[in-house]
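Participant: To start, I am sharing the structure in question, which I have written as structure tokens.
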Amino acid sequence: MKHDMVTITIDGRKTSVPVGTTILAAAQQMGIHIPVLCHHPKLTVTGACRVCIVEIGGQPVTSCTAVAEEGMEVTTASPYIEGLRRDIVDLILSDHPYDCMVCERAGDCELQELAYKYSIRQPVFQGERRIYTKRDGNPFIERDMEKCILCGRCVKVCDEVQGVGAIDYAYKGFETKICPPFERDLDCEFCGQCIAVCPTGALVSKPSLGKGRKRNVNTVETVCPYCGCGCNITYDVVKNEVIRARSRQDTINEGWLCVKGKFGFSFINSPDRLTTPLIRKDGKLVPAGWDEALDLIGERLRKIRAADGPDAIAGLSSARCTNEENYLFQKLMRAGVGTNNVDHCARY
Amino acid sequence: MANDSIEIKVCLGTSGSAAGGEEVLRLFKHHVQEQGVEARVGRRCSPSKVGCRGFCSKDVLVDVILDGSKTTYQLVTPNMVERIVLEHVIDGKPIAEWTVKEEYASFHAKQHKIVLGPCGEIDPESIDDYIAMRGYRAARKAITQMKPEEVIGQVITSGLRGRGGSGFGTGEKWRVCRGAPGDVKYAVCNIGEVNRPLAEGNPHAIIEGLLVGGYAIGAAKGFLYIRERYHRSVERLSIALEQARERGFVGRNIFGTGFDFEMEFSFGTEAFICGEETALMESIEGKRAMPRVRPPFPAYAGLWGRPTVINNAETFSNIPLIIGMGGEWFSKIGTATSKGTKVFTLSGKVRNNGLVEIPMGMPFREIVYGIGGGIEGDKTLKGIQVGGPSGGIIPTSMLDMGLDYEHLARVGSIVGSGGMVVFDEDDCIVNVAKFYLEFLQRESCGKCVPCRIGTKRMSELLTKITEGKGEENDLRTMERLAGVMATTSLCGLGRTAPNPFLTSFNHFRDEYLAHIREKKCPAGVCTALITFSVLAEKCKACGLCKRACPAGAITGAPKQPHVIDPEKCVKCGACYRACKFKAIKKA
Amino acid sequence: MAEIENNDVLFVIGSNTKENHPIIAQRMIKAVRRGATLIIADPRRVPLVRHAGIWMQHRPGTDVALLNGMMHVILAEGLTDRAFIDERTEGFDEAFRKTVEEYTPEAASKITGVPKEKIIAAARAYGKGKRAGIYYTMGITQHSHGTDNVYAIANLALMTGNLGKESAGVNPLRGQNNVQGSSDMGCAPNVYPGYQRVTVPMVKERFEELWGVKLADRDGLMANEMLDGALAGKVKALYIMGENPVLSDPDTGHTTKALKALDFLIVQDIFLTETAELAHVVLPGTSFAEKVGTFTNTERRVQRVRRVVDAPGQARKDSLIIMEISLRLGYEMHYHHTEEIFHEIGRAWPAMAGMSYSRIDEEGGLQWPCPTPDHPGTQFLFKGGFPRGKARFTNVKYRPPVEVPDEEYPFVLTTGRLLFQYHTGGMTRREKAIEAVAGRPYVEINRQDAKALGVASGDKVKVTSRRGSITIPVHASLRPDRGVVFIPFHYREAAANVLTSSTAVDPICKIPELKVATVRVEKS
């Protein structure tokens with residue numbers, strides 16, 4: 001056996017994992033599901049929600065924080081542990097609005113899933129619920145702090161991944177909440193990373209509000225149209241309209257986007273889009289049919305080529321078009337027109 | 001010669017100052033000078049401040065030491081000063097009616113003051129006073145003559161355990177930290193609320209202890225973590241640190257050994273959670289005080305990820321004694337597993353409120369009746385809350401139990417940082433539990449679910465019971481909740497938060513049931529459950545109650561027994577207190 | 001990109017990474033969290049400076065002096081990688097060293113305005129790095145001596161052996177999603193797809209064979225030359241696909257005049273841009289969301305673009321439009337589906353021959369070179385050696401920018417992008433939410449300069465260069481140093497490129513000096 005590996009037993013099955021592996025990670029590798037709410041694979045350990053508890057040597061321990069030690073015996077789902085988990089979820093629900101029917105994240109909510117799993121219709125523990133008014137004026141991120149379960153993912157992603165630190169915990173005890181300094185309106189890079197990691201409907205995209213929930217959308221994977229990072233984007237589409245941008249964690253951008261990628265997609269469905277060819281007639285651009293426009297182009301270019309040679313024609317291609325289009329464009333100029341007068345905007 | 005001079009020591013601890021000690025000291029200095037005392041008696045006389053000596057209910061306390069005999073005056077006010085100077089200091093005749101009474105002696109007799117010893121004796125702002133009583137000798141001995149391992153060995157031998165919370169072996173903690181890999185290590189002293197008398201009365205002991213601790217674990221930097229609000233503690237510690245630095249006890253090349261150790265303050269705000277060492281570290285690092293997950297433990301990865309030892313000021317104050325007198329000596333105090341002494345703030349319904357230091361293992365009976373002088377008004381003792389808000393309540397039936405880590409753990413309480421509140425028959429146990437849970441709820445850092453929401457739900461249920469709306473099912477719900485909180489909370493605060501409920505429910509089940517089944521508060525505290533009525537046979541129709549009632553609920557003609565209208569009564573108790581004939585019944 | 005996390009030193013020069021490449025900036029921040037040293041050289045206090053260990057605020061256009069100054073320290077302190085220099089480079093000769101020796105930290109400090117202690121500290125940090133990466137963008141290239149800047153960067157990397165290995169190297173970050181791809185595809189006047197020179201007869205013959213037609217044998221015109229050609233009457237027709245030179249190119253007045261001089265201007269775009277407004281024929285193309293194909297990102301990773309929605313109205317796929325035009329010019333291109341084009345690219349350029357859509361799908365993108373179907377793609381270049389055999393040191397000296405501040409134009413203007421906006425704004429300026437937070441142009445001026453001018457944030461000023469002037473609100477800030485102003489170029493209502501020069505260009509690449517122009521700022 002290698003020195004940098006330890007062998008542990010989870011639910012009666014032995015496994016070897018590298019030193020330093022958490023019980024949660026080891027279980028996940030074995031395909032054993034342990035519920036989590038605050039844990040996020042791309043962020044450092046928090047240990048706040050406590051629902052990932054397991055039994056090690058008879059003691060309840062959070063599996064996201066417990067590191068595997070040689071010979072450990074772990075039980076992930078005894079009646080005792082499931083009972084504790086149920087009660088923790090119960091406590092969270094006792095301070096959560098019961099408005100799944102109108103929540104943006106219904107069907108895509110990690111808390112809802114746990115409530116379903118433990119079949120909690122009414123919490124055993126009941127009492128006061130935090131009531132906040134939504135009043136953040138920023139145009140991107142809707143912050144419904146009543147739905148916040150204080151898992152801390154947004155705080156961590158903002159600090160650890162985005163390097164901004166726009167939000168943090170404030171106040172103490174039951175009144176604890178996550179907010180920008182002095183509860184001012186959010187004023188940040190609006191990358192939306194916090195939305196991406198939020199397990200509930202506490203943080204959602206304002207431009208997407210009311211446009212469609214998880215089960216009603218089609219999703220398409222593509223690449224962001226903005227800078228050269230080449231981030232992978234998953235668009236949610238409803239009736240030929242892009243309503244939301246997300247990204248998967250297993251992509252080169254690890255699931256993160258920036259404000260443009262996350263929120264800058266409505267231009268696709270903009271009413272300003274050109275929908276028909278335009279031809280300048282009497283100094284004005286007027287709509288025309290495709291055949292008319294293409295024939296005119298063919299005629300004029302042929303004439304110019306005939307009169308002044310192919311080098312009197314030039315083409316500028318686009319860094320926003322695909323490889324295939326760029327290839328065709330230069331092929332058109334070189335093979336179709338017969339000139340090397342082709343360039344693109346790499347210099348600007 | 002020292003014993004030739006006249007010493008006047010004015011208590012300027014927190015309580016002494018609050019009682020007007022500063023003015024008393026100023027007047028002593030003023031009168032000593034104005035009367036030309038030194039010239040008239042031919043001896044030096046400089047009134048000085050001393051730290052708290054514990055008997056705070058009688059402040060301002062003033063010692064006058066003349067010809068080797070010490071007279072202590074209690075409840076000294078500014079207008080008493082001149083007469084003490086004239087009659088006692090100059091004429092040598094103590095003023096008998098102002099001196100402390102017998103309870104002052106009994107208060108101190110049962111105590112074992114090793115940590116608090118110098119408090120109230122020396123001037124906390126004078127390093128020479130401290131050095132005169134063997135100060136910094138332990139540090140010199142440790143650093144110049146002992147290897148760090150030997151220092152740790154002595155601390156292990158002493159059996160000293162952390163005085164802050166869970167009572168982990170101090171020497172063991174140091175040993176682990178010393179062995180942890182890393183060049184940079186830190187030693188941190190947490191100066192909590194209960195440590196303020198130490199910081200104000202004998203700050204150098206804390207600095208010396210931290211210095212030795214730093215040497216033992218191999219740290220070059222120590223932090224004094226303290227709430228900025230504790231102005232007097234901060235001021236005296238700052239003076240002490242400056243003096244220590246001037247003498248070369250802190251800084252570079254200490255005692256010429258090449259050992260460097262810097263100390264600096266780290267200021268926190270008021271937060272109970274900062275007693276939790278990982279939350280405290282977050283605070284020092286400038287972050288919000290929220291506990292970290294463990295492992296890694298601070299001894300491996302603490303401040304900025306470096307191996308760190310955190311002890312509180314009382315623990316560190318014991319270190320110079322252990323090194324100076326030997327671990328063996330220390331281990332003889334206390335019980336088999338709990339060594340040394342423990343400082344407590346004794347408060348509540350005892351006669352002698354104050355700061356006490358008792359040897360580990362002392363029975364509660366002796367603390368309450370011996371040192372504390374029994375219950376005020378000779379009422380019946382109900383219980384003792386030990387270990388601060390998240391401790392537990394010790395019932396009367398366990399009075400003969402000794403105070404040590406093991407016994408307290410067995411009854412669901414903790415030594416904690418050293419709070420001890422005595423309750424009597426007039427205190428409602430449900431209300432007491434509610435009070436502590438509400439405190440803990442407010443002080444929860446909000447990070448983990450069982451603590452943040454659990455404390456809220458538990459205090460809501462306790463409130464419900466005190467309001468007479470409790471159901472028996474609520475008790476089962478609370479027990480279930482307590483189980484979740486105690487087993488799944490992230491840190492000690494959450495795990496011990498159900499203690500006030502659990503211990504009180506355990507020992508005072510009947511009182512809970514009385515609230516729920518009979519809708520009565522036996523102690524007569526829960527206003528929703530009590531009624532005030534006039535005992536006609538005792539009523540003299542004096543009208544005092546009628547005048548005291550703010551709600552106009554009392555009516556009665558002259559010479560006729562008065563009557564309280566329960567509809568109008570707001571249950572404030574004003575009539576009950578106003579009546580001179582015990583004619584108002586509270587039930 | 002994952003490599004960035006493993007850098008132990010990151011040297012970011014002329015790149016506002018946090019705003020322009022936010023996702024790459026995340027990786028940099030992650031590296032810093034892991035203990036890496038971040039060195040930034042930028043005339044402005046860009047947001048990433050918050051995470052930097054060393055920030056050198058050099059005057060715009062003094063990059064060569066700064067880099068040579070750093071090399072001086074590295075040379076003097078023996079932080080060079082001798083083995084690497086001996087085995088894999090040439091040109092590390094007397095003349096080169098002599099040039100570097102001239103740039104003492106004191107001398108470099110005088111030119112750049114950076115304290116010499118910082119130059120020394122940066123040089124030491126970079127020189128001692130084991131996996132040191134350099135990252136740059138247009139802040140390096142958009143200068144009249146942009147090529148020199150790039151050479152200087154290459155010299156620095158070569159000198160310390162930081163090329164051709166993991167988590168190191170010289171990394172130009174691409175500003176637009178498929179700049180890499182359009183370059184790769186040969187949208188340049190001197191090269192066919194895959195950077196194959198049009199003037200090399202063997203290459204030309206191969207492409208003539210592939211495309212079945214005779215091809216021109218000399219280099220064509222670069223973009224700026226096309227405009228000059230239009231003014232000179234040599235270029236009669238211009239076909240612009242998906243570009244908006246009126247806003248993006250320097251000297252808007254010049255650009256507009258040139259476009260108007262054309263006999264025939266075709267603009268194919270998704271919006272009626274400022275450029276399209278000048279066209280004779282405007283063709284409605286499709287956005288990235290309405291077509292399939294591939295994009296190549298800044299790390300040469302070819303990734304799939306998929307159809308998300310249907311195109312609006314009669315808008316047509318750009319590839320179909322090109323085919324239609326080609327047909328009308330008598331050259332028929334016919335493809336059944338887009339992947340056929342992709343396969344042809346593989347035949348035109350061996351570096352992509354091993355790729356297919358299904359492989360890209362399965363493997364999450366492929367980095368070229370990927371010559372065969374079993375080749376895994378290439379994470380970083382020059383591992384086994386450099387294409388020209390040995391890498392060459394290039395002796396470069398500091399040359400001042402074309403325009404230097406004088407009494408009439410005392411401020412240095414530098415232009416760039418913002419986090420919230422993109423390029424000429426065709427897309428982002430239609431986003432209501434984005435416009436709500438970044439919908440107004442502004443000129444960023446040092447607070448003290450603003451005070452001296454008697455203006456405060458929000459006040460309007462007139463900014464004038466030798467080419468024109470715009471009126472624009474002030475944003476007084478501590479970001480730029482005194483004497484430097486910054487204007488984002490996204491806004492048509494106060495277009496920064498009205499002020500920039502189209503004649504100050506790099507002699508080799510013809511990249512205009514967008515990062516340095518001198519201007520006058522007046523209260524308006």
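Chain labels A, B, ... are given in the sequence in which chains occur in the structure tokens; within each chain residues are numbered consecutively from 1, and ligands are likewise numbered from 1 in the order shown.
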Output the contact residues of chain B with respect to chain A at a cut-off of 9 Å, based on only C-alpha atoms, as a ChimeraX atom specification.
Facilitator: /B:288,292-295,440-458,460-461,477-478,480-481,483-484,487-490
Participant: Mind checking which residues fall within 10 Å of stretch 208-218 of chain C, counting only C-alpha atoms, ignoring those fewer than 2 positions away in the same chain, and posting them as a short mmCIF file (atom, residue, chain, number, x, y, z; two decimals) with N, CA, C and O atoms, in the first residue's frame?
Facilitator:
data_model
loop_
_atom_site.label_atom_id
_atom_site.label_comp_id
_atom_site.auth_asym_id
_atom_site.auth_seq_id
_atom_site.Cartn_x
_atom_site.Cartn_y
_atom_site.Cartn_z
N PRO A 310 -9.22 42.48 -60.14
CA PRO A 310 -9.70 41.94 -58.87
C PRO A 310 -9.17 42.71 -57.66
O PRO A 310 -9.83 42.76 -56.62
N ASP A 311 -8.01 43.32 -57.76
CA ASP A 311 -7.45 44.01 -56.60
C ASP A 311 -8.18 45.32 -56.28
O ASP A 311 -7.86 45.98 -55.30
N LYS A 331 -11.87 32.48 -48.82
CA LYS A 331 -11.89 31.67 -50.05
C LYS A 331 -12.64 32.42 -51.15
O LYS A 331 -12.23 32.43 -52.31
N MET A 333 -12.86 35.69 -51.41
CA MET A 333 -12.03 36.78 -51.92
C MET A 333 -10.92 36.25 -52.82
O MET A 333 -10.61 36.82 -53.85
N ARG A 334 -10.31 35.14 -52.37
CA ARG A 334 -9.13 34.64 -53.10
C ARG A 334 -9.52 33.85 -54.35
O ARG A 334 -9.02 34.10 -55.43
N ALA A 335 -10.45 32.91 -54.14
CA ALA A 335 -10.79 32.03 -55.25
C ALA A 335 -11.93 32.62 -56.09
O ALA A 335 -11.92 32.50 -57.31
N GLY A 336 -12.88 33.26 -55.43
CA GLY A 336 -14.03 33.79 -56.15
C GLY A 336 -13.73 35.12 -56.83
O GLY A 336 -14.01 35.32 -57.99
N VAL A 337 -13.12 36.05 -56.07
CA VAL A 337 -12.82 37.37 -56.63
C VAL A 337 -11.45 37.35 -57.31
O VAL A 337 -11.26 37.92 -58.37
N GLY A 338 -10.49 36.67 -56.64
CA GLY A 338 -9.15 36.61 -57.22
C GLY A 338 -8.19 37.63 -56.65
O GLY A 338 -7.27 38.09 -57.31
N THR A 339 -8.40 37.98 -55.39
CA THR A 339 -7.48 38.95 -54.77
C THR A 339 -7.08 38.46 -53.38
O THR A 339 -7.80 37.67 -52.77
N ASN A 340 -5.97 38.93 -52.92
CA ASN A 340 -5.58 38.65 -51.54
C ASN A 340 -5.99 39.80 -50.61
O ASN A 340 -5.56 39.86 -49.46
N ASN A 341 -6.80 40.71 -51.12
CA ASN A 341 -7.26 41.84 -50.30
C ASN A 341 -8.30 41.37 -49.29
O ASN A 341 -9.49 41.63 -49.41
N PRO C 189 -4.10 39.49 -45.50
CA PRO C 189 -3.71 39.66 -46.90
C PRO C 189 -2.47 38.89 -47.32
O PRO C 189 -2.20 38.77 -48.51
N ASN C 190 -1.71 38.37 -46.34
CA ASN C 190 -0.45 37.74 -46.72
C ASN C 190 -0.43 36.24 -46.51
O ASN C 190 0.52 35.57 -46.89
N ARG C 197 2.16 31.39 -46.31
CA ARG C 197 2.37 32.63 -47.08
C ARG C 197 1.83 32.52 -48.50
O ARG C 197 2.11 31.56 -49.21
N VAL C 198 1.11 33.54 -48.91
CA VAL C 198 0.56 33.53 -50.26
C VAL C 198 1.66 33.70 -51.30
O VAL C 198 1.49 33.38 -52.47
N THR C 199 2.80 34.22 -50.87
CA THR C 199 3.87 34.50 -51.83
C THR C 199 4.80 33.31 -52.04
O THR C 199 5.72 33.38 -52.84
N VAL C 200 4.58 32.22 -51.30
CA VAL C 200 5.42 31.04 -51.50
C VAL C 200 4.77 30.19 -52.61
O VAL C 200 3.64 29.71 -52.42
N PRO C 201 5.46 30.03 -53.72
CA PRO C 201 4.83 29.36 -54.88
C PRO C 201 4.29 27.97 -54.54
O PRO C 201 3.17 27.63 -54.93
N MET C 202 5.02 27.18 -53.78
CA MET C 202 4.57 25.83 -53.47
C MET C 202 3.23 25.85 -52.73
O MET C 202 2.35 25.04 -52.96
N VAL C 203 3.14 26.79 -51.82
CA VAL C 203 1.92 26.93 -51.04
C VAL C 203 0.77 27.33 -51.94
O VAL C 203 -0.31 26.76 -51.90
N LYS C 204 1.04 28.32 -52.75
CA LYS C 204 -0.01 28.81 -53.66
C LYS C 204 -0.51 27.67 -54.54
O LYS C 204 -1.71 27.48 -54.73
N GLU C 205 0.42 26.89 -55.03
CA GLU C 205 0.03 25.79 -55.91
C GLU C 205 -0.86 24.79 -55.19
O GLU C 205 -1.83 24.29 -55.74
N ARG C 206 -0.52 24.52 -53.95
CA ARG C 206 -1.32 23.58 -53.18
C ARG C 206 -2.76 24.10 -53.04
O ARG C 206 -3.73 23.35 -53.17
N GLY C 220 -2.04 40.98 -50.41
CA GLY C 220 -3.10 41.94 -50.60
C GLY C 220 -2.96 43.12 -49.64
O GLY C 220 -1.89 43.33 -49.04
N LEU C 221 -4.02 43.86 -49.52
CA LEU C 221 -4.00 45.07 -48.68
C LEU C 221 -4.47 44.75 -47.27
O LEU C 221 -5.39 43.97 -47.07
N TYR C 331 -17.80 31.50 -59.35
CA TYR C 331 -17.04 30.46 -58.67
C TYR C 331 -17.99 29.76 -57.73
O TYR C 331 -18.48 30.34 -56.76
N MET C 333 -19.21 27.47 -54.86
CA MET C 333 -18.83 26.74 -53.65
C MET C 333 -20.09 26.00 -53.22
O MET C 333 -21.16 26.60 -53.16
N GLU C 344 -12.82 20.67 -44.96
CA GLU C 344 -11.96 21.28 -45.98
C GLU C 344 -10.86 22.11 -45.31
O GLU C 344 -9.72 22.14 -45.78
N ARG C 347 -8.11 19.97 -44.58
CA ARG C 347 -7.27 19.65 -45.74
C ARG C 347 -6.37 20.83 -46.09
O ARG C 347 -5.25 20.65 -46.54
N ALA C 348 -6.88 22.05 -45.85
CA ALA C 348 -6.10 23.24 -46.18
C ALA C 348 -4.97 23.46 -45.18
O ALA C 348 -3.93 24.01 -45.49
#
Participant: As a ChimeraX atom specification, please: the residues near stretch 54-70 of chain C (cut-off 6 Å, only C-alpha atoms, same-chain neighbours under 2 positions excluded).
Facilitator: /C:39-43,52,72-73,100,103-105,108,112-114,119,123,149,398,401
Participant: I'd like the neighbourhood of C:Val443 as a list in words, where a residue qualifies if any of its atoms comes within 8 Å (using only C-alpha atoms), though same-chain residues fewer than 5 positions away should be ignored.
Facilitator: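 Near C:Val443, the qualifying residues are Ile472, Pro473, Val474, His475, Val485, Phe486, Ile487 and Pro488 of chain C.
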Participant: Please provide as a ChimeraX atom specification all residues within 8 Å of C:Ile240, with the sequence filter that same-chain residues fewer than 4 positions apart are discarded (counting only C-alpha atoms).
Facilitator: /A:315-317 /C:265-268
Participant: Could you give me the residues within stretch 219-347 of chain A that DSSP places in alpha helix (DSSP H), as a ChimeraX atom specification?
Facilitator: /A:259-263,290-308,323-331
Participant: Please save C-alpha atoms of the selected residues as a compact mmCIF listing (two decimals), in the first residue's frame.
Facilitator:
# COMPACT_ATOMS: atom_id res chain seq x y z
CA VAL A 259 -21.55 40.13 -16.95
CA LYS A 260 -21.58 40.08 -20.72
CA GLY A 261 -21.84 36.33 -21.06
CA LYS A 262 -24.29 35.99 -18.21
CA PHE A 263 -26.62 38.86 -19.01
CA TRP A 290 -32.54 38.53 -51.47
CA ASP A 291 -32.36 37.85 -55.16
CA GLU A 292 -32.37 41.54 -55.98
CA ALA A 293 -29.64 42.29 -53.47
CA LEU A 294 -27.43 39.36 -54.41
CA ASP A 295 -27.84 39.96 -58.12
CA LEU A 296 -26.93 43.59 -57.67
CA ILE A 297 -23.82 42.61 -55.75
CA GLY A 298 -22.84 40.07 -58.38
CA GLU A 299 -23.34 42.55 -61.16
CA ARG A 300 -21.45 45.42 -59.54
CA LEU A 301 -18.53 43.28 -58.41
CA ARG A 302 -18.22 41.67 -61.84
CA LYS A 303 -18.18 45.07 -63.45
CA ILE A 304 -15.56 46.48 -61.10
CA ARG A 305 -13.41 43.37 -61.51
CA ALA A 306 -13.69 43.63 -65.23
CA ALA A 307 -12.86 47.31 -65.28
CA ASP A 308 -10.25 47.69 -62.51
CA ASN A 323 -14.08 29.63 -38.47
CA GLU A 324 -16.12 28.14 -41.25
CA GLU A 325 -17.46 31.55 -42.30
CA ASN A 326 -14.06 33.14 -42.12
CA TYR A 327 -12.64 30.33 -44.18
CA LEU A 328 -15.34 30.77 -46.77
CA PHE A 329 -14.93 34.53 -46.77
CA GLN A 330 -11.24 34.45 -47.56
CA LYS A 331 -11.89 31.67 -50.05
Participant: My list of candidates is C:His280, C:Arg131, C:Arg417, C:Lys116. Which is closest to chain A when distances are computed with only C-alpha atoms?
Facilitator: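 Of C:His280, C:Arg131, C:Arg417, C:Lys116, the one nearest chain A is C:His280, counting only C-alpha atoms.
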Participant: By how many Å are atom CA of C:Val396 and atom CA of C:Glu77 apart?
Facilitator: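 Going from atom CA of C:Val396 over to atom CA of C:Glu77 covers 20.8 Å.
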